[in-house]
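See structure below.
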Amino acid sequence: MTDFWSYVENDMMDSFFWDYWTDPKDKKTLTGETEEEENMLRENKLLGNPRMRQVKVRSDSCEINSQFKGSYSTCYDFYSKTAEDTEPFGLKQGTAWTYSSESQLSASSYIGHMGTYGGGGFYKDLSLERNKTVGILKELKENLWLTRGTRVVFIDFTVYNPNINLFCVSKLTVEFPPTGGALPASSFKPVRLIRYHQSFDYFILTCEFIFILFIIYYTMEELRELIHFNFDYFFQFWNFIDVSILFASYFCIVYSIYSHVSVINKLDKLLETKDAYADFDELGSSQKSYNNVEAVALFFAWIKVVKFVSFTKSTSEISNTISRCVTDLLGFVLMFFTLFTSFGILAYLLFGCQVERFNHPVVSFFSLVRTIMAEFDYDELSRASRLLGPIYFIVFILIFYFVLTNMFLAIICDTYSSVKSEIAVKKQRELKDIILGGFRKLMSRGGSGDEMTEDEGAPKGESKITFKDIRNTLVENHFSELEIAMFLSKYDIDPHHMVHEAETQKLLDDYERRGFVPTASVGLSSHEFRELSDKVEAMEKSIALASKKVEAIMEQVEDLVNVIS
């Protein structure tokens with residue numbers, strides 16, 4: 001605690017109140033600056049008064065061992081809500097000596113190294129004048145504001161930098177564990193609370209309004225799908241992604257409005273009463289949550305890209321590989337985490353008292369993950385135990401790095417090779433082919449002539465057949481490539497122009513003599529076509545299931561042959 005008071009009375013005071021530039025004799029008044037223009041670190045304006053707050057525990061918060069009750073009359077435990085001290089102490093007057101609840105301070109809890117501390121406590125607001133602040137600190141120190149029951153002290157303040165239009169919500173923390181000593185920490189949250197300041201910011205505001213319109217439009221689209229599919233809507237993965245994006249977007253919209261209004265109100269109050277604490281901690285925490293939600297929304301938006309390229313060969317290979325190896329990976333993951341948990345607990349029990357990376361079971365697990373990623377400190381383990389340290393390290397590396405990691409890769413590679421060989425048989429469109437096809441269609445609409453275009457001299461009302469339609473019909477009726485080439489050459493069909501009804505009559509007559517009926521002339525309705533498609537799909541599934549059963553039987557036969565031989 002002596003070091004704490006030394007820091008507060010010297011380093012912190014010199015940081016809060018800059019009375020000179022480079023030399024103590026070179027006062028700011030010599031540079032022409034007024035008291036209103038005094039800044040922290042030359043460029044940052046301190047908004048309102050800094051605040052010091054401490055959280056204490058009672059002197060009977062823990063139980064003394066019966067053998068030492070004659071030596072000790074007080075016991076100060078780690079901080080907990082039940083052990084927190086709320087009774088007045090010291091001078092017993094003023095906010096520094098009487099307890100203020102979390103609701104009174106409008107503060108939130110804080111997660112530290114030694115525990116999670118509540119937002120209440122005993123606080124004292126400092127001053128914007130150096131002499132007054134020195135007097136406040138002297139009073140607190142002389143009247144023993146810090147006691148053995150003090151578990152944490154917070155110093156909260158907010159600064160604003162007009163050069164870059166940023167607020168910085170700052171929190172200096174010092175924890176005093178029951179074992180003695182002090183654990184300092186700091187938190188600085190730079191946030192842009194004044195969002196519309198320059199001309200470019202108003203362009204961003206326009207984009208935000210456009211974004212809101214898009215979100216409203218897609219909300220209506222999702223509601224239409226929900227009404228159409230009912231509860232089945234929630235069992236589709238891509239719908240879950242869409243709903244997550246919409247919820248995250250609405251959160252960002254609401255927070256943006258709330259933040260803008262709150263900042264205006266707080267700044268107005270500060271301008272009216274400068275000698276008051278500026279509580280921007282809630283806005284800083286909310287801005288952090290806003291950034292997290294915005295990051296998640298952007299992540300899901302990029303995930304949706306997979307949906308639109310899932311029909312290409314590469315994405316089909318990846319998705320099929322993942323779906324097929326799930327069963328094998330589940331068994332592998334079960335074995336992996338069983339061994340991983342055992343090694344994590346073993347490291348915690350063996351080296352937890354000597355090695356910081358294993359001082360807690362959860363920390364031990366994360367340290368082992370870093371070890372798998374080749375980030376480890378062998379010398380630290382060796383110093384903790386010259387015998388057990390090297391043995392533990394070698395066994396862990398052999399099992400996880402050389403065996404399990406390679407098994408995981410083998411499962412993925414084996415499944416990928418089988419999927420790749422199956423897809424190679426099918427004709428799968430590549431993304432580049434789709435893009436080029438779209439480009440050709442665009443060019444054809446612009447009249448470039450690269451694709452088949454309508455003949456301006458064709459009579460109106462005649463049906464037209466494209467080169468692609470004819471070729472697909474021939475392929476569906478089992479024409480070879482040589483036969484297709486000869487057939488098209490015979491009738492002088494130009495792949496860059498439409499083939500009109502009058503020009504295809506001779507072709508169709510000859511085509512029907514071979515005993516085939518063209519697909520284009522069947523005249524199926526859309527309902528009949530869907531029924532046929534469903535039947536074909538059902539047949540394909542049945543054939544695939546039968547093929548899998550045959551493969552399973554063949555594997556069993558091979559096993560029997562191997563056993564007999």
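Residues are named by chain letter and number: chains run A, B, ... in the order of the structure tokens, numbers start at 1 in each chain, and ligands are numbered from 1 in the order shown.
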
Contacts of stretch 351-368 of chain A within 9 Å, only C-alpha atoms, excl. fewer than 5 positions in-chain, as a PyMOL selection string: chain A and resi 340-341+343-346+373+375-376+380-381+383-385+389

Residues within 10 Å of stretch 243-250 of chain A, please, as number ranges by chain. Count only C-alpha atoms; anything in the same chain fewer than 3 positions from it doesn't count. A: 211-212, 215-216, 218-219, 222, 234, 238-240, 253-256, 290, 292-301

Near stretch 182-192 of chain A, within 7 Å and counting only C-alpha atoms, which residues show up once chain neighbours fewer than 4 positions away are dropped, as a ChimeraX atom specification? /A:165-177,284,287

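One finds atom CA of A:Ser103 at 16.3 Å from atom CA of A:Ala278.
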
Output as a ChimeraX atom specification all residues of stretch 120-161 of chain A that backbone DSSP marks as strand (DSSP E). /A:122-125,150-161
